Amino acid sequence: MRDTIEIVVVGAGVIGLAIARAFARSGHEVIVLERNPRIGEEISARNSEVIHAGIYYPTNSLKARFCVKGNQSIYQYCNKFNIPHRNTKKILVASSKEQINVIDKIKEQAEINGVKDIKKLSKKEVYKLEPLINCEEALLIPSSGIIDPISFMRSLVGEIEEKGNTISYNSKVNKIYLDNDKFTILVKDFHENVTTINCKRLINSAGLFSSEVAKNIEGLDKKFIPNIYYAKGNYFSINKNLGIHHLIYPIPDGFGLGSHLTLEMDNSIKFGPDVEWVESPQDYDVDISRKQTFIKEIRPRTC
């Protein structure tokens, strides 16, 4: 079987769906190929579910520009389409006097990036907001919040399909050929049947498997395909209502933002993620042995 389509997006996570939505709203014909049986089964469904403000990123970087603009766009979208979300705000804590200089630099960078209304908090002011938090000073970031990513992705799917476009599940990209001005894509379904799709534009938004998809493009120089190193974040939840109302973040450390306290939409609390280097992109099991490390990190900030 051979089909022809204008645009193919590989990956039905939040990024792939947002790209497909943008094309659909502009009147383009688009199909999204997803290897899993449902949307967002990988990165998009396994994260802190935080609406970030854009405080850390280098000046004029794409991350800084997109995060600050995207922060407000997310709130506008959620309000328009009734997506569950909450503007919890975030408290970034300096747990020692040495870290005060660090949060001062973060505040300066955030303001350069265009993040509005960041406020420095004294130890006493933090205590009034969150009595369980023990720190020297902190930053209050008013634009941070949380979102239900599944509801968000379902809304994107609705907009894509409303314009007559398709999400094709259980559709794994097997091989891609570039023939003059079009791509030819061989796609395997759940039963190993192969469909051939021709398209003018191909968007690789396969997340953890983006390099694997790129390697399947016949003739693409391998120097353009980055090596991927997999880092998994473990989370631990707590079954007590601590009465905490803000996101609580430590100073960023190493490859991550540090194990932080995140609120869920149901008001439950989870701690994480840490950084655990793994070999497989599908190793989603939580390493229970890391629990004691979490406890040691949590206690100085909440006791």
# chains A, B, ... in the order shown; residues from 1 in each chain; ligands from 1
>>> residues_around(residues="Leu121 (chain A)", least_positions_apart="5", cutoff="6 Å", atoms="only C-alpha atoms", output="PyMOL selection string")
chain A and resi 137-139
>>> closest_atom_pairs(of="region 188-251 of chain A", to="region 24-38 of chain A", cutoff="9 Å", atoms="only C-alpha atoms", output="CSV")
residue,atom,partner,partner_atom,distance
A:Lys188,CA,A:Arg35,CA,8.9
A:Asp189,CA,A:Arg35,CA,8.2
A:Phe190,CA,A:Arg35,CA,8.8
A:Ala206,CA,A:Glu34,CA,8.4
>>> closest_residue(among="A:Leu247, A:Ile51, A:Ala231, A:Ala20", to="Val275 (chain A)", atoms="only C-alpha atoms")
A:Ala231
>>> closest_atom_pairs(of="region 219-261 of chain A", to="region 140-147 of chain A", cutoff="12 Å", atoms="only C-alpha atoms", output="tab-separated table")
residue	atom	partner	partner_atom	distance
A:His245	CA	A:Gly145	CA	10.7
A:His246	CA	A:Gly145	CA	8.5
A:Leu247	CA	A:Gly145	CA	7.7
A:Ile248	CA	A:Leu140	CA	9.7
A:Tyr249	CA	A:Leu140	CA	10.4
A:Leu261	CA	A:Ile146	CA	11.9
>>> write_last_selection(atoms="C-alpha atoms", output="mmCIF file, in the first residue's frame")
data_model
loop_
_atom_site.group_PDB
_atom_site.id
_atom_site.type_symbol
_atom_site.label_atom_id
_atom_site.label_comp_id
_atom_site.auth_asym_id
_atom_site.auth_seq_id
_atom_site.Cartn_x
_atom_site.Cartn_y
_atom_site.Cartn_z
ATOM 1 C CA HIS A 245 1.180 24.857 48.309
ATOM 2 C CA HIS A 246 4.251 25.785 46.227
ATOM 3 C CA LEU A 247 6.728 23.879 44.101
ATOM 4 C CA ILE A 248 9.967 23.671 46.120
ATOM 5 C CA TYR A 249 13.262 23.514 44.216
ATOM 6 C CA LEU A 261 9.074 18.775 45.569
#
>>> atom_distance(atom1="CA of Gly11 (chain A)", atom2="CA of Gly258 (chain A)")
28.1 Å
>>> select_by_dssp(residues="region 25-273 of chain A", states="strand (DSSP E)", output="PyMOL selection string")
chain A and resi 30-33+50-51+85-86+90-94+119-122+137-141+145-147+166-168+172-179+182-188+194-204+217-218+230-232+236-238+247-249+260-263+269-272
>>> residues_around(residues="Val126 (chain A)", least_positions_apart="4", cutoff="12 Å", atoms="only C-alpha atoms", output="PyMOL selection string")
chain A and resi 90-95+119-122+130-140+244+246+248+301-302
>>> write_last_selection(atoms="C-alpha atoms", output="short mmCIF file (atom, residue, chain, number, x, y, z; two decimals), in the first residue's frame")
data_model
loop_
_atom_site.label_atom_id
_atom_site.label_comp_id
_atom_site.auth_asym_id
_atom_site.auth_seq_id
_atom_site.Cartn_x
_atom_site.Cartn_y
_atom_site.Cartn_z
CA LYS A 90 7.80 28.06 42.77
CA ILE A 91 10.19 28.65 45.66
CA LEU A 92 13.87 28.16 44.81
CA VAL A 93 15.75 27.76 48.07
CA ALA A 94 19.29 28.55 49.16
CA SER A 95 19.96 25.94 51.83
CA LYS A 119 10.97 38.20 44.31
CA LYS A 120 13.77 37.57 46.80
CA LEU A 121 12.50 36.04 50.06
CA SER A 122 14.11 36.15 53.49
CA GLU A 130 5.83 27.32 53.82
CA PRO A 131 6.59 26.60 57.51
CA LEU A 132 8.14 23.20 56.72
CA ILE A 133 10.87 24.66 54.52
CA ASN A 134 14.21 25.33 56.19
CA CYS A 135 16.51 27.61 54.17
CA GLU A 136 18.64 30.76 54.37
CA GLU A 137 16.97 32.71 51.55
CA ALA A 138 14.87 31.92 48.49
CA LEU A 139 13.40 33.16 45.23
CA LEU A 140 9.67 33.24 44.55
CA ILE A 244 2.57 22.61 51.07
CA HIS A 246 4.25 25.78 46.23
CA ILE A 248 9.97 23.67 46.12
CA ARG A 301 14.71 21.26 53.67
CA THR A 302 11.48 20.10 55.27
#
>>> residues_around(residues="Val278 (chain A)", least_positions_apart="3", cutoff="10 Å", atoms="only C-alpha atoms", output="PDB file with C-alpha atoms, in the first residue's frame")
ATOM      1  CA  TYR A 229      23.072   9.009  26.639  1.00  0.00           C
ATOM      2  CA  TYR A 230      20.072   7.959  28.683  1.00  0.00           C
ATOM      3  CA  ALA A 231      19.476   9.503  32.100  1.00  0.00           C
ATOM      4  CA  LYS A 232      16.464   8.312  34.062  1.00  0.00           C
ATOM      5  CA  VAL A 275      19.668  11.452  37.727  1.00  0.00           C
ATOM      6  CA  PRO A 281      15.547   4.084  26.972  1.00  0.00           C
ATOM      7  CA  GLN A 282      12.760   1.763  28.144  1.00  0.00           C
ATOM      8  CA  ASP A 283      14.065   1.163  31.669  1.00  0.00           C
ATOM      9  CA  TYR A 284      11.194   2.816  33.539  1.00  0.00           C
TER      10      TYR A 284
END
>>> select_by_dssp(residues="region 40-93 of chain A", states="helix (DSSP H, G or I)", output="list in words")
Ile43, Ser44, Ala45, Leu62, Lys63, Ala64, Arg65, Phe66, Cys67, Val68, Lys69, Gly70, Asn71, Gln72, Ser73, Ile74, Tyr75, Gln76, Tyr77, Cys78, Asn79, Lys80 and Phe81 of chain A
>>> closest_residue(among="A:Cys199, A:Ala110, A:Ile5, A:Ile228", to="Ser280 (chain A)", atoms="only C-alpha atoms")
A:Ile228
>>> closest_atom_pairs(of="region 23-104 of chain A", to="region 233-243 of chain A", cutoff="9 Å", atoms="only C-alpha atoms", output="CSV")
residue,atom,partner,partner_atom,distance
A:Arg46,CA,A:Gly233,CA,9.0
A:Asn47,CA,A:Gly233,CA,8.3
A:Ser48,CA,A:Tyr235,CA,9.0
>>> write_last_selection(atoms="C-alpha atoms", output="PDB file, in the first residue's frame")
ATOM      1  CA  ARG A  46       6.819  10.634  32.768  1.00  0.00           C
ATOM      2  CA  ASN A  47       7.932  14.015  34.050  1.00  0.00           C
ATOM      3  CA  SER A  48       7.308  16.564  36.787  1.00  0.00           C
TER       4      SER A  48
END
>>> residues_around(residues="region 72-82 of chain A", least_positions_apart="6", cutoff="12 Å", atoms="only C-alpha atoms", output="PDB file with N, CA and C atoms, in the first residue's frame")
ATOM      1  N   ALA A  18       2.042  19.088  19.276  1.00  0.00           N
ATOM      2  CA  ALA A  18       1.980  20.549  19.164  1.00  0.00           C
ATOM      3  C   ALA A  18       2.403  21.002  17.772  1.00  0.00           C
ATOM      4  N   VAL A  50       5.491  20.142  35.225  1.00  0.00           N
ATOM      5  CA  VAL A  50       5.654  21.531  35.663  1.00  0.00           C
ATOM      6  C   VAL A  50       5.594  22.479  34.462  1.00  0.00           C
ATOM      7  N   ILE A  51       4.907  23.597  34.639  1.00  0.00           N
ATOM      8  CA  ILE A  51       4.950  24.695  33.685  1.00  0.00           C
ATOM      9  C   ILE A  51       6.120  25.577  34.104  1.00  0.00           C
ATOM     10  N   HIS A  52       7.234  25.474  33.400  1.00  0.00           N
ATOM     11  CA  HIS A  52       8.447  26.172  33.804  1.00  0.00           C
ATOM     12  C   HIS A  52       8.416  27.639  33.392  1.00  0.00           C
ATOM     13  N   ALA A  53       9.224  28.440  34.091  1.00  0.00           N
ATOM     14  CA  ALA A  53       9.228  29.886  33.877  1.00  0.00           C
ATOM     15  C   ALA A  53      10.312  30.341  32.908  1.00  0.00           C
ATOM     16  N   GLY A  54      11.451  29.617  32.863  1.00  0.00           N
ATOM     17  CA  GLY A  54      12.564  30.004  31.996  1.00  0.00           C
ATOM     18  C   GLY A  54      13.666  30.753  32.713  1.00  0.00           C
ATOM     19  N   ARG A  65      14.081  31.781  25.142  1.00  0.00           N
ATOM     20  CA  ARG A  65      13.019  32.462  24.400  1.00  0.00           C
ATOM     21  C   ARG A  65      11.740  31.640  24.361  1.00  0.00           C
ATOM     22  N   PHE A  66      11.869  30.348  24.070  1.00  0.00           N
ATOM     23  CA  PHE A  66      10.681  29.507  23.941  1.00  0.00           C
ATOM     24  C   PHE A  66      10.016  29.235  25.289  1.00  0.00           C
ATOM     25  N   GLY A 114      13.539  37.733  30.682  1.00  0.00           N
ATOM     26  CA  GLY A 114      12.191  38.281  30.575  1.00  0.00           C
ATOM     27  C   GLY A 114      11.187  37.681  31.519  1.00  0.00           C
ATOM     28  N   VAL A 115      11.649  36.902  32.507  1.00  0.00           N
ATOM     29  CA  VAL A 115      10.743  36.337  33.509  1.00  0.00           C
ATOM     30  C   VAL A 115      10.320  37.461  34.463  1.00  0.00           C
ATOM     31  N   LYS A 116       9.024  37.623  34.661  1.00  0.00           N
ATOM     32  CA  LYS A 116       8.508  38.766  35.402  1.00  0.00           C
ATOM     33  C   LYS A 116       8.282  38.456  36.891  1.00  0.00           C
ATOM     34  N   PRO A 142       6.706  33.536  40.396  1.00  0.00           N
ATOM     35  CA  PRO A 142       5.241  33.503  40.332  1.00  0.00           C
ATOM     36  C   PRO A 142       4.653  32.795  39.114  1.00  0.00           C
ATOM     37  N   SER A 143       5.402  32.674  38.019  1.00  0.00           N
ATOM     38  CA  SER A 143       4.805  32.136  36.792  1.00  0.00           C
ATOM     39  C   SER A 143       4.903  30.621  36.667  1.00  0.00           C
ATOM     40  N   SER A 144       5.556  29.945  37.621  1.00  0.00           N
ATOM     41  CA  SER A 144       5.643  28.483  37.567  1.00  0.00           C
ATOM     42  C   SER A 144       4.324  27.856  38.002  1.00  0.00           C
ATOM     43  N   GLY A 145       4.053  26.673  37.474  1.00  0.00           N
ATOM     44  CA  GLY A 145       2.815  25.996  37.839  1.00  0.00           C
ATOM     45  C   GLY A 145       2.851  24.537  37.425  1.00  0.00           C
ATOM     46  N   ILE A 146       1.691  23.894  37.434  1.00  0.00           N
ATOM     47  CA  ILE A 146       1.591  22.483  37.055  1.00  0.00           C
ATOM     48  C   ILE A 146       0.439  22.309  36.074  1.00  0.00           C
ATOM     49  N   ILE A 147       0.501  21.223  35.313  1.00  0.00           N
ATOM     50  CA  ILE A 147      -0.493  20.950  34.281  1.00  0.00           C
ATOM     51  C   ILE A 147      -0.749  19.449  34.213  1.00  0.00           C
ATOM     52  N   ASP A 148      -1.936  19.070  33.777  1.00  0.00           N
ATOM     53  CA  ASP A 148      -2.248  17.673  33.487  1.00  0.00           C
ATOM     54  C   ASP A 148      -1.844  17.414  32.036  1.00  0.00           C
ATOM     55  N   PRO A 149      -0.695  16.768  31.801  1.00  0.00           N
ATOM     56  CA  PRO A 149      -0.194  16.634  30.423  1.00  0.00           C
ATOM     57  C   PRO A 149      -1.072  15.754  29.546  1.00  0.00           C
ATOM     58  N   SER A 151      -4.404  15.464  29.615  1.00  0.00           N
ATOM     59  CA  SER A 151      -5.519  16.293  29.135  1.00  0.00           C
ATOM     60  C   SER A 151      -5.046  17.271  28.069  1.00  0.00           C
ATOM     61  N   PHE A 152      -3.864  17.822  28.268  1.00  0.00           N
ATOM     62  CA  PHE A 152      -3.295  18.755  27.294  1.00  0.00           C
ATOM     63  C   PHE A 152      -3.089  18.070  25.950  1.00  0.00           C
ATOM     64  N   MET A 153      -2.495  16.866  25.966  1.00  0.00           N
ATOM     65  CA  MET A 153      -2.247  16.150  24.717  1.00  0.00           C
ATOM     66  C   MET A 153      -3.548  15.726  24.043  1.00  0.00           C
ATOM     67  N   ARG A 154      -4.535  15.323  24.831  1.00  0.00           N
ATOM     68  CA  ARG A 154      -5.831  14.953  24.242  1.00  0.00           C
ATOM     69  C   ARG A 154      -6.467  16.145  23.534  1.00  0.00           C
ATOM     70  N   SER A 155      -6.293  17.321  24.102  1.00  0.00           N
ATOM     71  CA  SER A 155      -6.831  18.514  23.464  1.00  0.00           C
ATOM     72  C   SER A 155      -6.124  18.787  22.133  1.00  0.00           C
ATOM     73  N   LEU A 156      -4.806  18.608  22.113  1.00  0.00           N
ATOM     74  CA  LEU A 156      -4.057  18.787  20.866  1.00  0.00           C
ATOM     75  C   LEU A 156      -4.529  17.793  19.804  1.00  0.00           C
ATOM     76  N   GLY A 158      -7.470  16.456  19.605  1.00  0.00           N
ATOM     77  CA  GLY A 158      -8.783  16.901  19.157  1.00  0.00           C
ATOM     78  C   GLY A 158      -8.694  17.977  18.093  1.00  0.00           C
ATOM     79  N   GLU A 159      -7.773  18.928  18.269  1.00  0.00           N
ATOM     80  CA  GLU A 159      -7.613  19.995  17.276  1.00  0.00           C
ATOM     81  C   GLU A 159      -7.050  19.460  15.951  1.00  0.00           C
TER      82      GLU A 159
END
>>> atom_distance(atom1="CA of Tyr56 (chain A)", atom2="CA of Pro250 (chain A)")
12.7 Å
>>> closest_residue(among="A:Asn165, A:Asp274, A:Ile19, A:Ile7", to="Val286 (chain A)", atoms="only C-alpha atoms")
A:Asp274
>>> decode(residues="region 155-204 of chain A", atoms="N, CA and C atoms", output="tab-separated table (two decimals), in the first residue's frame")
chain	number	residue	atom	x	y	z
A	155	SER	N	-6.29	17.32	24.10
A	155	SER	CA	-6.83	18.51	23.46
A	155	SER	C	-6.12	18.79	22.13
A	156	LEU	N	-4.81	18.61	22.11
A	156	LEU	CA	-4.06	18.79	20.87
A	156	LEU	C	-4.53	17.79	19.80
A	157	VAL	N	-4.75	16.54	20.22
A	157	VAL	CA	-5.25	15.53	19.30
A	157	VAL	C	-6.60	15.95	18.74
A	158	GLY	N	-7.47	16.46	19.61
A	158	GLY	CA	-8.78	16.90	19.16
A	158	GLY	C	-8.69	17.98	18.09
A	159	GLU	N	-7.77	18.93	18.27
A	159	GLU	CA	-7.61	20.00	17.28
A	159	GLU	C	-7.05	19.46	15.95
A	160	ILE	N	-6.12	18.49	16.06
A	160	ILE	CA	-5.54	17.90	14.85
A	160	ILE	C	-6.62	17.16	14.06
A	161	GLU	N	-7.39	16.34	14.76
A	161	GLU	CA	-8.40	15.52	14.10
A	161	GLU	C	-9.58	16.37	13.60
A	162	GLU	N	-9.86	17.45	14.31
A	162	GLU	CA	-10.95	18.34	13.90
A	162	GLU	C	-10.70	18.92	12.51
A	163	LYS	N	-9.44	19.07	12.15
A	163	LYS	CA	-9.07	19.61	10.84
A	163	LYS	C	-8.95	18.51	9.78
A	164	GLY	N	-9.38	17.28	10.13
A	164	GLY	CA	-9.38	16.19	9.17
A	164	GLY	C	-8.08	15.42	9.05
A	165	ASN	N	-7.21	15.58	10.05
A	165	ASN	CA	-5.91	14.90	10.04
A	165	ASN	C	-5.92	13.68	10.97
A	166	THR	N	-4.84	12.91	10.95
A	166	THR	CA	-4.85	11.59	11.57
A	166	THR	C	-3.66	11.36	12.50
A	167	ILE	N	-3.92	10.67	13.63
A	167	ILE	CA	-2.87	10.09	14.46
A	167	ILE	C	-2.87	8.60	14.19
A	168	SER	N	-1.79	8.06	13.68
A	168	SER	CA	-1.71	6.64	13.36
A	168	SER	C	-0.89	5.92	14.44
A	169	TYR	N	-1.57	5.11	15.27
A	169	TYR	CA	-0.92	4.41	16.37
A	169	TYR	C	-0.34	3.08	15.90
A	170	ASN	N	0.51	2.48	16.75
A	170	ASN	CA	1.17	1.21	16.41
A	170	ASN	C	1.84	1.30	15.04
A	171	SER	N	2.43	2.46	14.76
A	171	SER	CA	3.05	2.71	13.45
A	171	SER	C	4.52	3.07	13.66
A	172	LYS	N	5.38	2.09	13.45
A	172	LYS	CA	6.80	2.27	13.68
A	172	LYS	C	7.53	2.53	12.36
A	173	VAL	N	8.30	3.62	12.34
A	173	VAL	CA	9.09	3.94	11.15
A	173	VAL	C	10.21	2.92	11.00
A	174	ASN	N	10.23	2.24	9.84
A	174	ASN	CA	11.20	1.18	9.62
A	174	ASN	C	12.36	1.64	8.74
A	175	LYS	N	12.05	2.44	7.73
A	175	LYS	CA	13.08	2.94	6.82
A	175	LYS	C	12.59	4.20	6.15
A	176	ILE	N	13.52	5.13	5.87
A	176	ILE	CA	13.17	6.39	5.21
A	176	ILE	C	14.15	6.63	4.06
A	177	TYR	N	13.59	6.97	2.91
A	177	TYR	CA	14.41	7.28	1.73
A	177	TYR	C	14.10	8.71	1.29
A	178	LEU	N	15.14	9.44	0.91
A	178	LEU	CA	14.97	10.78	0.37
A	178	LEU	C	15.12	10.70	-1.14
A	179	ASP	N	14.01	11.00	-1.86
A	179	ASP	CA	13.98	10.89	-3.31
A	179	ASP	C	13.66	12.25	-3.90
A	180	ASN	N	14.71	12.96	-4.34
A	180	ASN	CA	14.57	14.32	-4.85
A	180	ASN	C	13.92	15.23	-3.82
A	181	ASP	N	12.68	15.65	-4.05
A	181	ASP	CA	12.05	16.61	-3.14
A	181	ASP	C	11.02	15.97	-2.22
A	182	LYS	N	11.06	14.66	-2.05
A	182	LYS	CA	10.10	14.02	-1.15
A	182	LYS	C	10.76	12.87	-0.38
A	183	PHE	N	10.12	12.53	0.73
A	183	PHE	CA	10.55	11.40	1.55
A	183	PHE	C	9.64	10.21	1.27
A	184	THR	N	10.24	9.03	1.26
A	184	THR	CA	9.47	7.79	1.20
A	184	THR	C	9.70	7.04	2.50
A	185	ILE	N	8.62	6.78	3.23
A	185	ILE	CA	8.72	6.20	4.58
A	185	ILE	C	8.07	4.82	4.58
A	186	LEU	N	8.80	3.82	5.06
A	186	LEU	CA	8.24	2.48	5.25
A	186	LEU	C	7.83	2.35	6.71
A	187	VAL	N	6.57	2.07	6.93
A	187	VAL	CA	6.00	2.04	8.28
A	187	VAL	C	5.44	0.66	8.58
A	188	LYS	N	5.85	0.08	9.70
A	188	LYS	CA	5.34	-1.22	10.13
A	188	LYS	C	4.25	-1.04	11.16
A	189	ASP	N	3.18	-1.83	11.04
A	189	ASP	CA	2.13	-1.78	12.05
A	189	ASP	C	2.32	-2.90	13.06
A	190	PHE	N	1.34	-3.07	13.94
A	190	PHE	CA	1.43	-4.05	15.03
A	190	PHE	C	1.61	-5.48	14.51
A	191	HIS	N	1.10	-5.74	13.31
A	191	HIS	CA	1.15	-7.09	12.72
A	191	HIS	C	2.28	-7.23	11.71
A	192	GLU	N	3.21	-6.28	11.71
A	192	GLU	CA	4.37	-6.30	10.81
A	192	GLU	C	4.00	-6.04	9.36
A	193	ASN	N	2.78	-5.57	9.11
A	193	ASN	CA	2.43	-5.15	7.76
A	193	ASN	C	3.12	-3.83	7.45
A	194	VAL	N	3.54	-3.66	6.21
A	194	VAL	CA	4.29	-2.46	5.82
A	194	VAL	C	3.45	-1.56	4.93
A	195	THR	N	3.39	-0.27	5.31
A	195	THR	CA	2.75	0.75	4.50
A	195	THR	C	3.81	1.74	4.02
A	196	THR	N	3.75	2.13	2.77
A	196	THR	CA	4.69	3.10	2.23
A	196	THR	C	3.99	4.45	2.14
A	197	ILE	N	4.61	5.48	2.73
A	197	ILE	CA	4.04	6.83	2.72
A	197	ILE	C	5.04	7.78	2.07
A	198	ASN	N	4.55	8.59	1.15
A	198	ASN	CA	5.35	9.65	0.56
A	198	ASN	C	4.93	10.98	1.19
A	199	CYS	N	5.93	11.84	1.48
A	199	CYS	CA	5.60	13.15	2.03
A	199	CYS	C	6.65	14.18	1.58
A	200	LYS	N	6.25	15.45	1.62
A	200	LYS	CA	7.17	16.54	1.27
A	200	LYS	C	7.98	16.99	2.47
A	201	ARG	N	7.37	16.94	3.65
A	201	ARG	CA	8.07	17.37	4.87
A	201	ARG	C	8.01	16.25	5.90
A	202	LEU	N	9.13	16.04	6.58
A	202	LEU	CA	9.21	15.01	7.62
A	202	LEU	C	9.75	15.64	8.89
A	203	ILE	N	8.99	15.53	9.99
A	203	ILE	CA	9.40	16.08	11.28
A	203	ILE	C	9.73	14.91	12.21
A	204	ASN	N	10.97	14.85	12.66
A	204	ASN	CA	11.40	13.80	13.58
A	204	ASN	C	11.22	14.31	15.01
